[in-house]
Amino acid sequence: MNMSAISRKIGTLVLMGVPAIVGGGIVYFALGNYTSLIIYEILLGFAALGFISR
């Protein structure tokens, strides 16, 4: 794997941090419990891993 591919994958993970922080706040505000927040973060983590695995 070359350096540009690694940089691209790290950039994608950093970019996925924005929906994790902002979306996590929205989910917690809307539903009001940590269980739904943890489920949201796990699903977002799977999506991020799916993006960088290709």
# chains A, B, ... in the order shown; residues from 1 in each chain; ligands from 1
>>> residues_around(residues="range 15-27 of chain A", least_positions_apart="6", cutoff="10 Å", atoms="only C-alpha atoms", output="MDAnalysis selection string")
chainID A and resid 9 33:34 36:42 44:45 47:48 51
>>> atom_distance(atom1="CA of Met3 in chain A", atom2="CA of Phe46 in chain A")
23.7 Å
>>> residues_around(residues="Ile52 in chain A", least_positions_apart="6", cutoff="10 Å", atoms="only C-alpha atoms", output="list in words")
Ala5, Ile6, Arg8, Lys9, Ile10, Gly11, Thr12 and Leu13 of chain A
>>> write_last_selection(atoms="C-alpha atoms", output="short mmCIF file (atom, residue, chain, number, x, y, z; two decimals), in the first residue's frame")
data_model
loop_
_atom_site.label_atom_id
_atom_site.label_comp_id
_atom_site.auth_asym_id
_atom_site.auth_seq_id
_atom_site.Cartn_x
_atom_site.Cartn_y
_atom_site.Cartn_z
CA ALA A 5 -3.67 5.38 0.05
CA ILE A 6 -2.83 5.44 3.74
CA ARG A 8 -6.61 8.93 2.14
CA LYS A 9 -7.85 6.32 4.63
CA ILE A 10 -6.73 8.41 7.62
CA GLY A 11 -8.43 11.46 6.10
CA THR A 12 -11.65 9.49 5.69
CA LEU A 13 -11.56 8.45 9.35
#
